[in-house]
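The data block below is start14.txt; it holds compact mmCIF, C-alpha atoms and all ligand atoms.
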# COMPACT_ATOMS: atom_id res chain seq x y z
CA MET A 1 119.45 -11.42 -40.46
CA SER A 2 117.57 -14.50 -39.28
CA THR A 3 116.31 -17.02 -41.85
CA HIS A 4 112.82 -16.38 -40.48
CA LEU A 5 113.03 -12.77 -41.68
CA LEU A 6 114.42 -13.81 -45.07
CA ASP A 7 111.71 -16.46 -45.61
CA HIS A 8 109.14 -13.75 -46.22
CA PHE A 9 111.13 -12.33 -49.15
CA SER A 10 112.14 -15.74 -50.57
CA THR A 11 108.51 -16.83 -50.72
CA GLN A 12 107.60 -13.75 -52.73
CA LEU A 13 110.50 -14.30 -55.12
CA ASP A 14 109.36 -17.93 -55.61
CA GLN A 15 105.89 -16.70 -56.48
CA LEU A 16 107.27 -14.26 -59.07
CA LYS A 17 109.32 -17.08 -60.58
CA GLN A 18 106.29 -19.35 -60.85
CA GLN A 19 104.32 -16.59 -62.60
CA GLY A 20 107.16 -15.99 -65.06
CA ASN A 21 107.58 -12.47 -63.63
CA LEU A 22 110.99 -12.75 -61.93
CA ARG A 23 113.40 -10.03 -63.05
CA GLN A 24 117.16 -10.53 -63.24
CA PHE A 25 120.18 -8.61 -64.47
CA SER A 26 122.02 -10.24 -67.33
CA ALA A 27 125.67 -9.60 -68.10
CA ASN A 28 125.81 -8.05 -71.53
CA LEU A 29 128.30 -6.60 -73.92
CA GLN A 30 127.04 -3.92 -76.28
CA GLN A 31 128.76 -3.08 -79.49
CA ASP A 32 127.44 -0.95 -82.25
CA ARG A 33 123.98 -2.33 -83.09
CA TYR A 34 124.57 -5.66 -81.42
CA ILE A 35 124.37 -7.06 -77.93
CA THR A 36 126.18 -10.19 -76.77
CA ILE A 37 124.74 -12.19 -73.88
CA ASN A 38 126.14 -15.58 -72.86
CA GLN A 39 128.37 -15.42 -75.94
CA GLN A 40 125.42 -15.06 -78.27
CA ARG A 41 125.50 -12.01 -80.52
CA MET A 42 122.09 -10.54 -81.36
CA LEU A 43 120.68 -7.50 -83.14
CA ASN A 44 119.70 -5.16 -80.30
CA LEU A 45 115.96 -4.51 -80.51
CA ALA A 46 115.53 -3.60 -76.85
CA SER A 47 117.50 -0.39 -76.73
CA ASN A 48 116.22 3.16 -76.23
CA ASP A 49 119.14 4.51 -78.25
CA TYR A 50 116.58 5.46 -80.90
CA LEU A 51 118.95 7.45 -83.12
CA GLY A 52 121.92 5.13 -82.61
CA LEU A 53 123.97 7.96 -81.07
CA ALA A 54 124.95 6.24 -77.80
CA ALA A 55 126.56 3.45 -79.84
CA ASP A 56 128.38 5.87 -82.16
CA ILE A 57 132.07 5.67 -81.26
CA GLN A 58 133.14 8.45 -83.65
CA LEU A 59 130.74 10.84 -82.00
CA ARG A 60 132.19 9.99 -78.60
CA GLU A 61 135.72 10.55 -79.92
CA GLN A 62 134.74 13.90 -81.41
CA PHE A 63 133.29 14.99 -78.08
CA PHE A 64 136.38 14.04 -76.09
CA ASP A 65 138.64 15.67 -78.69
CA GLU A 66 136.68 18.90 -78.26
CA THR A 67 136.53 18.72 -74.46
CA LEU A 68 139.75 19.59 -72.68
CA ASN A 69 140.79 17.45 -69.74
CA ALA A 70 140.40 20.42 -67.39
CA GLN A 71 136.73 20.60 -68.39
CA ARG A 72 136.06 16.91 -67.82
CA TRP A 73 134.54 17.22 -64.37
CA MET A 74 133.28 13.78 -63.38
CA SER A 75 131.39 15.02 -60.32
CA SER A 76 129.63 18.23 -59.37
CA SER A 77 130.22 17.29 -55.70
CA SER A 78 127.15 19.22 -54.62
CA SER A 79 123.55 20.23 -55.28
CA ARG A 80 123.21 23.01 -57.87
CA LEU A 81 121.98 25.29 -55.11
CA LEU A 82 125.28 24.99 -53.26
CA THR A 83 128.46 24.69 -55.32
CA GLY A 84 127.22 22.33 -58.06
CA ASN A 85 126.05 24.89 -60.61
CA PHE A 86 128.82 24.56 -63.18
CA PRO A 87 128.76 26.60 -66.41
CA GLU A 88 127.89 23.39 -68.30
CA TYR A 89 124.47 23.43 -66.61
CA GLU A 90 123.78 27.00 -67.63
CA GLN A 91 124.99 26.29 -71.16
CA LEU A 92 122.69 23.31 -71.66
CA GLU A 93 119.72 25.22 -70.27
CA ALA A 94 120.50 28.12 -72.60
CA SER A 95 120.69 25.74 -75.60
CA LEU A 96 117.38 24.14 -74.68
CA SER A 97 115.77 27.49 -74.12
CA HIS A 98 117.02 28.69 -77.50
CA ALA A 99 115.69 25.57 -79.28
CA PHE A 100 112.32 25.74 -77.48
CA HIS A 101 111.32 29.22 -78.63
CA GLY A 102 112.97 31.12 -75.76
CA ARG A 103 110.96 29.39 -73.02
CA ALA A 104 112.69 28.67 -69.70
CA ALA A 105 114.49 25.33 -69.23
CA LEU A 106 115.38 23.45 -66.06
CA LEU A 107 117.50 20.27 -65.74
CA PHE A 108 117.13 17.24 -63.48
CA ASN A 109 119.32 14.27 -62.61
CA SER A 110 117.01 11.79 -64.32
CA GLY A 111 113.58 11.53 -65.82
CA TYR A 112 112.53 9.67 -62.69
CA HIS A 113 113.70 12.53 -60.45
CA MET A 114 111.91 14.94 -62.75
CA ASN A 115 108.56 13.18 -62.56
CA ILE A 116 108.67 12.43 -58.84
CA GLY A 117 109.77 16.00 -58.13
CA ILE A 118 107.80 18.43 -60.28
CA LEU A 119 104.32 17.08 -59.57
CA PRO A 120 104.54 17.12 -55.73
CA ALA A 121 106.11 20.58 -55.86
CA LEU A 122 103.33 22.07 -57.97
CA ALA A 123 100.30 20.08 -56.87
CA ASP A 124 98.88 20.88 -53.43
CA SER A 125 95.58 19.89 -51.82
CA LYS A 126 93.73 22.46 -53.94
CA THR A 127 95.01 20.78 -57.10
CA LEU A 128 93.36 17.99 -59.08
CA ILE A 129 95.57 15.78 -61.22
CA LEU A 130 93.94 14.04 -64.18
CA ALA A 131 96.32 11.43 -65.55
CA ASP A 132 96.13 9.05 -68.49
CA LYS A 133 95.64 5.45 -67.26
CA LEU A 134 98.93 4.31 -68.81
CA VAL A 135 101.38 7.02 -67.71
CA HIS A 136 104.85 5.84 -66.68
CA ALA A 137 105.50 4.66 -63.11
CA SER A 138 107.60 7.75 -62.40
CA MET A 139 104.58 10.02 -62.91
CA ILE A 140 102.40 7.75 -60.78
CA ASP A 141 104.99 7.96 -58.02
CA GLY A 142 105.11 11.76 -58.39
CA ILE A 143 101.34 11.94 -58.10
CA ARG A 144 101.38 9.69 -55.02
CA LEU A 145 103.96 11.91 -53.36
CA SER A 146 101.79 14.97 -53.88
CA THR A 147 98.82 15.99 -51.75
CA ALA A 148 96.62 16.51 -54.80
CA LYS A 149 93.34 14.77 -55.53
CA TYR A 150 93.92 12.30 -58.32
CA VAL A 151 91.71 10.78 -61.02
CA ARG A 152 92.80 8.73 -64.03
CA TYR A 153 91.15 8.93 -67.42
CA ARG A 154 90.89 6.03 -69.87
CA HIS A 155 94.00 5.63 -71.96
CA ASN A 156 94.16 8.22 -74.73
CA ASP A 157 90.43 8.89 -74.35
CA LEU A 158 90.20 12.66 -74.66
CA ILE A 159 86.40 12.51 -74.55
CA HIS A 160 86.62 10.92 -71.11
CA LEU A 161 89.15 13.59 -70.12
CA THR A 162 86.77 16.34 -71.29
CA GLN A 163 83.93 14.80 -69.25
CA LEU A 164 86.11 14.81 -66.14
CA LEU A 165 87.14 18.42 -66.78
CA GLU A 166 83.50 19.43 -67.11
CA LYS A 167 82.71 17.61 -63.87
CA TYR A 168 85.49 19.13 -61.77
CA HIS A 169 86.24 22.50 -63.31
CA GLU A 170 83.51 24.42 -61.48
CA ASP A 171 84.36 22.87 -58.09
CA ALA A 172 85.35 25.87 -55.93
CA ALA A 173 87.69 23.70 -53.82
CA ILE A 174 89.84 23.01 -56.88
CA GLU A 175 92.08 25.91 -57.90
CA ARG A 176 94.26 24.13 -60.43
CA ILE A 177 93.94 21.05 -62.62
CA ILE A 178 97.05 19.39 -64.03
CA VAL A 179 96.49 17.02 -66.95
CA VAL A 180 99.33 14.49 -67.10
CA THR A 181 100.17 12.38 -70.14
CA GLU A 182 102.98 11.05 -72.31
CA SER A 183 103.21 12.03 -75.95
CA ILE A 184 104.47 8.64 -77.17
CA PHE A 185 103.64 5.94 -74.62
CA SER A 186 106.53 3.82 -73.45
CA MET A 187 104.85 0.42 -73.55
CA ASP A 188 102.18 0.67 -76.26
CA GLY A 189 104.07 3.00 -78.61
CA ASP A 190 100.85 4.85 -79.38
CA GLU A 191 100.51 8.62 -79.04
CA THR A 192 98.34 11.36 -77.64
CA ASP A 193 96.71 13.79 -80.04
CA LEU A 194 98.55 16.81 -78.66
CA ALA A 195 96.79 19.31 -80.94
CA GLU A 196 93.41 18.12 -79.63
CA LEU A 197 94.69 18.09 -76.04
CA VAL A 198 95.75 21.72 -76.38
CA ARG A 199 92.40 22.62 -77.94
CA ILE A 200 90.61 21.05 -74.95
CA LYS A 201 92.89 22.78 -72.44
CA LYS A 202 92.06 26.17 -73.89
CA GLN A 203 88.42 25.71 -72.91
CA PHE A 204 89.26 25.37 -69.20
CA ALA A 205 91.01 28.25 -67.48
CA LYS A 206 92.27 26.24 -64.49
CA VAL A 207 94.08 23.62 -66.56
CA MET A 208 97.83 23.16 -66.95
CA LEU A 209 99.20 20.50 -69.33
CA TYR A 210 102.06 18.22 -68.25
CA VAL A 211 103.41 16.21 -71.21
CA ASP A 212 106.29 13.72 -70.95
CA GLU A 213 108.20 13.44 -74.24
CA ALA A 214 110.71 10.83 -72.99
CA HIS A 215 110.16 8.65 -76.07
CA ALA A 216 109.61 11.47 -78.58
CA ILE A 217 112.50 13.86 -77.97
CA GLY A 218 115.06 13.44 -80.72
CA VAL A 219 112.70 11.29 -82.73
CA ARG A 220 109.78 13.53 -83.69
CA GLY A 221 109.56 17.01 -85.17
CA GLU A 222 111.69 18.49 -87.92
CA ARG A 223 114.50 19.32 -85.50
CA GLY A 224 113.81 16.45 -83.13
CA LEU A 225 112.14 18.56 -80.46
CA GLY A 226 109.40 15.98 -79.99
CA CYS A 227 105.70 15.65 -80.75
CA ALA A 228 105.22 19.19 -79.41
CA GLU A 229 107.28 20.43 -82.35
CA GLN A 230 105.61 18.03 -84.77
CA TYR A 231 102.16 19.35 -83.85
CA ALA A 232 103.34 22.97 -83.45
CA VAL A 233 102.28 23.23 -79.80
CA ILE A 234 105.61 23.91 -78.05
CA ASP A 235 104.31 27.20 -76.69
CA GLU A 236 101.00 25.77 -75.52
CA ILE A 237 102.21 23.01 -73.20
CA ASP A 238 102.70 24.48 -69.74
CA LEU A 239 105.01 21.76 -68.45
CA LEU A 240 106.85 20.07 -71.30
CA VAL A 241 109.22 17.42 -69.93
CA GLY A 242 111.55 14.86 -71.44
CA THR A 243 114.58 12.71 -70.75
CA PHE A 244 118.07 12.47 -72.19
CA GLY A 245 118.56 8.74 -71.56
CA LYS A 246 116.93 7.56 -74.76
CA ALA A 247 117.35 9.15 -78.23
CA MET A 248 119.56 11.84 -76.67
CA ALA A 249 122.19 9.20 -75.78
CA SER A 250 122.88 10.73 -72.39
CA VAL A 251 121.27 10.90 -68.95
CA GLY A 252 118.96 13.33 -67.14
CA GLY A 253 115.65 15.11 -67.55
CA TYR A 254 114.49 18.58 -68.60
CA LEU A 255 111.48 20.84 -68.23
CA ILE A 256 110.42 23.58 -70.62
CA CYS A 257 108.11 26.02 -68.85
CA HIS A 258 107.37 29.61 -67.83
CA PRO A 259 110.25 31.34 -65.93
CA VAL A 260 108.02 31.71 -62.85
CA ILE A 261 107.49 27.93 -62.69
CA ARG A 262 111.24 27.39 -63.09
CA GLU A 263 111.99 29.69 -60.19
CA TYR A 264 109.26 28.14 -58.07
CA LEU A 265 110.68 24.64 -58.62
CA ILE A 266 114.20 25.75 -57.73
CA ASN A 267 112.69 26.81 -54.42
CA SER A 268 110.46 23.83 -53.78
CA MET A 269 111.38 20.68 -55.70
CA ARG A 270 112.97 18.26 -53.27
CA PRO A 271 114.90 15.96 -55.68
CA LEU A 272 116.42 19.09 -57.21
CA ILE A 273 117.36 20.71 -53.92
CA PHE A 274 118.49 17.66 -51.95
CA SER A 275 120.53 15.67 -54.46
CA THR A 276 124.02 16.07 -55.88
CA ALA A 277 123.77 17.49 -59.39
CA GLN A 278 124.86 15.33 -62.30
CA PRO A 279 128.53 15.45 -63.31
CA PRO A 280 129.22 18.52 -65.49
CA ILE A 281 130.72 16.27 -68.17
CA CYS A 282 127.26 14.74 -68.68
CA MET A 283 125.84 18.23 -69.23
CA ALA A 284 128.55 19.03 -71.77
CA TRP A 285 127.89 15.74 -73.58
CA THR A 286 124.11 16.34 -73.66
CA ASP A 287 124.70 19.81 -75.06
CA PHE A 288 126.99 18.35 -77.73
CA ILE A 289 124.38 15.70 -78.59
CA LEU A 290 121.59 18.29 -78.75
CA ARG A 291 123.52 20.17 -81.43
CA GLN A 292 123.79 16.96 -83.49
CA VAL A 293 120.18 15.92 -82.95
CA LEU A 294 118.76 19.15 -84.33
CA GLN A 295 120.23 18.16 -87.71
CA LEU A 296 119.35 14.47 -87.90
CA ASP A 297 116.12 14.60 -89.84
CA ALA A 298 117.30 11.90 -92.30
CA LYS A 299 117.69 9.45 -89.39
CA ARG A 300 114.26 10.41 -88.10
CA GLN A 301 112.71 9.75 -91.52
CA HIS A 302 114.38 6.34 -91.75
CA LEU A 303 113.15 5.43 -88.26
CA LEU A 304 109.64 6.42 -89.27
CA GLN A 305 109.77 4.19 -92.36
CA ILE A 306 111.05 1.06 -90.63
CA SER A 307 108.57 1.64 -87.79
CA ARG A 308 105.68 1.62 -90.26
CA GLN A 309 107.12 -1.48 -91.91
CA LEU A 310 107.25 -3.37 -88.59
CA GLN A 311 103.80 -2.18 -87.43
CA GLN A 312 102.33 -3.55 -90.69
CA ALA A 313 104.17 -6.85 -90.28
CA VAL A 314 102.95 -7.34 -86.72
CA LEU A 315 99.35 -6.55 -87.65
CA SER A 316 99.46 -8.83 -90.68
CA GLN A 317 100.46 -11.74 -88.41
CA GLY A 318 97.23 -11.20 -86.49
CA TYR A 319 98.71 -9.68 -83.34
CA ASP A 320 97.34 -6.67 -81.51
CA CYS A 321 99.60 -3.69 -82.19
CA PRO A 322 98.49 -0.26 -80.96
CA SER A 323 101.77 1.38 -82.01
CA SER A 324 102.13 4.38 -84.30
CA SER A 325 105.80 4.87 -83.43
CA HIS A 326 109.23 3.23 -83.21
CA ILE A 327 108.13 1.35 -80.06
CA VAL A 328 106.31 -1.66 -81.44
CA PRO A 329 104.79 -4.09 -78.95
CA VAL A 330 103.66 -7.56 -79.93
CA ILE A 331 101.02 -8.26 -77.32
CA ILE A 332 100.98 -11.95 -76.40
CA GLY A 333 99.02 -12.02 -73.12
CA GLU A 334 100.43 -14.51 -70.61
CA SER A 335 103.91 -13.98 -69.19
CA GLN A 336 105.23 -17.57 -69.56
CA LYS A 337 104.33 -17.64 -73.25
CA THR A 338 105.81 -14.18 -73.82
CA VAL A 339 109.09 -15.18 -72.18
CA ALA A 340 109.23 -18.34 -74.33
CA GLN A 341 108.68 -16.31 -77.53
CA ALA A 342 111.30 -13.77 -76.54
CA LYS A 343 113.77 -16.61 -75.97
CA ALA A 344 112.98 -18.10 -79.38
CA LEU A 345 113.59 -14.76 -81.11
CA GLN A 346 116.82 -14.30 -79.16
CA ALA A 347 117.97 -17.76 -80.26
CA ALA A 348 117.33 -16.61 -83.84
CA GLY A 349 119.58 -13.57 -83.34
CA PHE A 350 117.10 -10.81 -82.42
CA TYR A 351 117.42 -9.43 -78.91
CA ILE A 352 113.84 -8.67 -77.91
CA MET A 353 112.80 -8.39 -74.28
CA PRO A 354 109.54 -9.59 -72.74
CA VAL A 355 107.70 -6.94 -70.72
CA ARG A 356 105.48 -8.29 -67.98
CA PRO A 357 103.29 -7.10 -65.09
CA PRO A 358 103.58 -4.91 -63.10
CA THR A 359 105.20 -2.84 -65.88
CA VAL A 360 102.14 -3.54 -68.05
CA PRO A 361 98.59 -4.56 -66.99
CA GLN A 362 97.89 -8.23 -66.12
CA HIS A 363 97.42 -10.53 -69.13
CA SER A 364 98.99 -8.03 -71.52
CA SER A 365 102.57 -9.31 -71.43
CA ARG A 366 104.32 -8.42 -74.61
CA LEU A 367 107.45 -8.43 -76.68
CA ARG A 368 108.54 -4.80 -76.70
CA ILE A 369 110.45 -4.14 -79.90
CA SER A 370 112.13 -0.78 -79.88
CA LEU A 371 113.65 0.29 -83.16
CA THR A 372 116.65 2.48 -83.70
CA ALA A 373 117.69 4.39 -86.81
CA SER A 374 120.64 1.98 -87.24
CA ILE A 375 118.36 -0.92 -88.19
CA SER A 376 117.80 -1.65 -91.87
CA ALA A 377 114.62 -2.44 -93.78
CA ALA A 378 116.12 -5.86 -94.67
CA GLU A 379 116.53 -6.67 -90.96
CA ILE A 380 112.89 -5.78 -90.33
CA ASP A 381 111.93 -8.16 -93.16
CA GLN A 382 113.91 -10.98 -91.54
CA LEU A 383 112.26 -10.33 -88.20
CA ALA A 384 108.82 -10.21 -89.83
CA THR A 385 109.23 -13.72 -91.24
CA LEU A 386 110.13 -15.02 -87.75
CA LEU A 387 107.09 -13.41 -86.14
C1 LIG A 401 107.79 8.17 -70.07
C2 LIG A 401 109.00 8.09 -69.19
N1 LIG A 401 109.25 9.10 -68.34
C3 LIG A 401 110.33 9.06 -67.52
C4 LIG A 401 111.20 8.00 -67.52
C5 LIG A 401 112.34 7.97 -66.58
O1 LIG A 401 113.45 8.54 -67.19
P1 LIG A 401 114.93 8.22 -66.68
O2 LIG A 401 115.28 6.90 -67.26
O3 LIG A 401 115.74 9.34 -67.21
O4 LIG A 401 114.89 8.18 -65.19
C6 LIG A 401 110.98 6.95 -68.41
C7 LIG A 401 111.96 5.84 -68.41
O5 LIG A 401 111.90 4.82 -68.93
C8 LIG A 401 109.85 6.98 -69.26
O6 LIG A 401 109.59 5.99 -70.10

What would the structure in this file look like if it were written as structure tokens?
Ligand SMILES: Cc1ncc(COP(=O)(O)O)c(C=O)c1O
Amino acid sequence: MSTHLLDHFSTQLDQLKQQGNLRQFSANLQQDRYITINQQRMLNLASNDYLGLAADIQLREQFFDETLNAQRWMSSSSSRLLTGNFPEYEQLEASLSHAFHGRAALLFNSGYHMNIGILPALADSKTLILADKLVHASMIDGIRLSTAKYVRYRHNDLIHLTQLLEKYHEDAAIERIIVVTESIFSMDGDETDLAELVRIKKQFAKVMLYVDEAHAIGVRGERGLGCAEQYAVIDEIDLLVGTFGKAMASVGGYLICHPVIREYLINSMRPLIFSTAQPPICMAWTDFILRQVLQLDAKRQHLLQISRQLQQAVLSQGYDCPSSSHIVPVIIGESQKTVAQAKALQAAGFYIMPVRPPTVPQHSSRLRISLTASISAAEIDQLATLL
């Protein structure tokens, strides 16, 4: 490639660097609750391993002891529609279906695949998508790939959503409206009032709800089935999605839905049809983890307590903190300052990452503290004094 062609990209990278927005991989070593980077060992406060299960070596050993070598398929070598549909897939879907009140379950290679696949498959030009302003990039990409009309409502503003529904519901050109939101939001750690959302939906016959529980599965509800379980609305959410890469200590995405929708997606969802299915061993591991998670209410309660403790500490230091969950942002504003504060906390032994635009809106750069059930109240106290 000529240097002339490369210059274009180098200039853009220089600009990102000047703005404090350049992203880089860092070599890290993770062990238990700690992460070591450049030989510095820090308490890991940037992990999505919310229940501490990914770091649990005994759990891993138990799984491999129970799983015979002959069952340890490391590749499915095909899409599920060809030869990739191993029994492990069917087993995990059956377990999910059983947990989620007998509703149908469908698996995806990742949460990203899930969100960029389901929405374009279901939403055609006669569909309107109403999405919360802060939904994850994967849902935005899914919406962009669809041919639907698309309007965003103010973050968590269900009055604004209702106004939009009233405006569009009688439009004869619109046959379906899909309302898209997260239950716990990935960057602000605040949550949607799912009970109210369901109440609103029931007033509008054309509406389907699409709720992403990526940050709530495993963490909320008596059995860890997410905010939908916590607010007793599992049966009311038409398209209930989540991911296994966070509290579930695995990888992949799932949808809980009506069997007709499941069958329709198997026949129309491109990332499902045209991609090699995940290795069966991952399915077996997720199924194993699901069985554990259903019984981990004590961990969930602990996580709730330390989350409240940290939210209070952040607020009492005068920072903005919208969180009502285990994701606790400390909103600083400018990227350079946020990076400097993250570095200072890292030097003091707390691994906290800065999150900057475009992941969050301009001038809302933040320290994103994500708590796991392995962290103690004493460690939160230490962190609070540093803040
Ligand atoms: C709300 C939400 N949905 C989906 C995803 C994507 O999930 P995955 O990491 O499994 O691709 C994420 C990932 O961070 C997320 O925060």

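Put simply, atom CA of A:Asp193 is 14.9 Å away from atom CA of A:His215.
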
Excluding A:Thr147 and its own-chain neighbours fewer than 5 positions away, which residues fall within 9 Å of it when counting all atoms listed in the file? Please give them as a VMD selection string. chain A and resid 120 123 to 127

Dump the neighbourhood of ligand LIG 401 (chain A) as an MDAnalysis selection string: all residues within 7 Å, distances computed on only C-alpha atoms and all ligand atoms. chainID A and resid 110:113 115 135:136 138 182 185:186 212:215 242:245 251:253

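Once A:Met187 and its same-chain neighbours fewer than 4 positions away are set aside, A:Leu134, A:His136, A:Ile327, A:Val328, A:Pro329, A:Val355, A:Thr359, A:Val360, A:Arg366, A:Arg368 remain within 9 Å of it when counting all atoms listed in the file.
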
Counting only C-alpha atoms, what is within 10 Å of A:Ile273, bar same-chain residues fewer than 3 positions away, as a short mmCIF file (atom, residue, chain, number, x, y, z; two decimals) with C-alpha atoms, in the frame of the given file?
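Dumped to selection35.cif:
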data_model
loop_
_atom_site.label_atom_id
_atom_site.label_comp_id
_atom_site.auth_asym_id
_atom_site.auth_seq_id
_atom_site.Cartn_x
_atom_site.Cartn_y
_atom_site.Cartn_z
CA SER A 78 127.15 19.22 -54.62
CA SER A 79 123.55 20.23 -55.28
CA ARG A 80 123.21 23.01 -57.87
CA LEU A 81 121.98 25.29 -55.11
CA LEU A 82 125.28 24.99 -53.26
CA GLY A 117 109.77 16.00 -58.13
CA LEU A 265 110.68 24.64 -58.62
CA ILE A 266 114.20 25.75 -57.73
CA ASN A 267 112.69 26.81 -54.42
CA SER A 268 110.46 23.83 -53.78
CA MET A 269 111.38 20.68 -55.70
CA ARG A 270 112.97 18.26 -53.27
CA THR A 276 124.02 16.07 -55.88
CA ALA A 277 123.77 17.49 -59.39
#

Near A:Gln278, counting all atoms listed in the file, which residues have an atom at most 8 Å away, once you skip same-chain residues fewer than 3 positions from it, shown as a list in words? Ser75, Ser76, Asn109, Gly252, Cys282 and Met283 of chain A

Go ahead and dump the residues you just picked, C-alpha atoms, as a PDB file, in the coordinates of the input.
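Generated file (out-v9.pdb):
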ATOM      1  CA  SER A  75     131.390  15.020 -60.320  1.00  0.00           C
ATOM      2  CA  SER A  76     129.630  18.230 -59.370  1.00  0.00           C
ATOM      3  CA  ASN A 109     119.320  14.270 -62.610  1.00  0.00           C
ATOM      4  CA  GLY A 252     118.960  13.330 -67.140  1.00  0.00           C
ATOM      5  CA  CYS A 282     127.260  14.740 -68.680  1.00  0.00           C
ATOM      6  CA  MET A 283     125.840  18.230 -69.230  1.00  0.00           C
TER       7      MET A 283
END

Measuring atom to atom with only C-alpha atoms, identify which of A:Phe100, A:Phe25, A:Phe86, A:Tyr351 is nearest to A:Glu229.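 Of all the options, A:Phe100 lies closest to A:Glu229.
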
What's the separation between atom CA of A:Gly333 and atom CA of A:Ser365, in Å to one decimal place?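 Spanning atom CA of A:Gly333 to atom CA of A:Ser365 is a straight-line distance of 4.8 Å.
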
Leaving out A:Ala99 and any residue of its chain fewer than 4 positions from it, which residues lie within 12 Å of it when counting only C-alpha atoms, given as a count of residues only? 21

Which residues of stretch 272-354 of chain A come within 9 Å of stretch 63-68 of chain A, and what is each one's closest atom pair and distance in Å (one decimal), counting all atoms listed in the file, sorted by chain and residue number, as CSV?
residue,atom,partner,partner_atom,distance
A:Ile281,CA,A:Thr67,CA,8.9
A:Ala284,CA,A:Thr67,CA,8.4
A:Trp285,CA,A:Phe63,CA,7.1
A:Phe288,CA,A:Phe63,CA,7.1
A:Ile289,CA,A:Phe63,CA,9.0

Hey, can I get the axis-aligned box for stretch 228-231 of chain A? All listed atoms, 5 Å padding on each side, centre and edge lengths in Å to one decimal, as JSON.
{"center_x": 104.7, "center_y": 19.2, "center_z": -82.1, "size_x": 15.1, "size_y": 12.4, "size_z": 15.4}

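For the pair atom CA of A:Asp141 and atom CA of A:Ile116, the interatomic distance is 5.8 Å.
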
So, with all atoms listed in the file as the atoms that count, which of A:Leu296, A:Ala232, A:Ala131, A:Ala172 lies closest to A:Gly52? A:Leu296

A:Gly349, A:Ala344, A:Asp132, A:Glu196 ranked by distance to A:Tyr34, top pick (using only C-alpha atoms): A:Gly349

Kindly indicate which residue among A:Phe350, A:Leu371, A:Leu158, A:Tyr153 lies nearest to A:Leu386, using all atoms listed in the file for the distances.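 Comparing A:Phe350, A:Leu371, A:Leu158, A:Tyr153 against A:Leu386, the winner is A:Phe350.
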
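Of the residues listed (A:Lys167, A:Lys133, A:Arg176, A:Arg23), A:Lys133 shows the shortest atom-to-atom separation from A:Arg154; distances use all atoms listed in the file.
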
Select all residues near (115.9, -13.8, -79.8) (cut-off 10 Å, inclusive, file coordinates), counting all atoms listed in the file, and output them as a tab-separated table (two decimals) with C-alpha atoms, in the frame of the given file.
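Result file part_2.tsv:
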chain	number	residue	atom	x	y	z
A	40	GLN	CA	125.42	-15.06	-78.27
A	41	ARG	CA	125.50	-12.01	-80.52
A	42	MET	CA	122.09	-10.54	-81.36
A	43	LEU	CA	120.68	-7.50	-83.14
A	44	ASN	CA	119.70	-5.16	-80.30
A	45	LEU	CA	115.96	-4.51	-80.51
A	340	ALA	CA	109.23	-18.34	-74.33
A	341	GLN	CA	108.68	-16.31	-77.53
A	342	ALA	CA	111.30	-13.77	-76.54
A	343	LYS	CA	113.77	-16.61	-75.97
A	344	ALA	CA	112.98	-18.10	-79.38
A	345	LEU	CA	113.59	-14.76	-81.11
A	346	GLN	CA	116.82	-14.30	-79.16
A	347	ALA	CA	117.97	-17.76	-80.26
A	348	ALA	CA	117.33	-16.61	-83.84
A	349	GLY	CA	119.58	-13.57	-83.34
A	350	PHE	CA	117.10	-10.81	-82.42
A	351	TYR	CA	117.42	-9.43	-78.91
A	352	ILE	CA	113.84	-8.67	-77.91
A	353	MET	CA	112.80	-8.39	-74.28
A	383	LEU	CA	112.26	-10.33	-88.20
A	386	LEU	CA	110.13	-15.02	-87.75
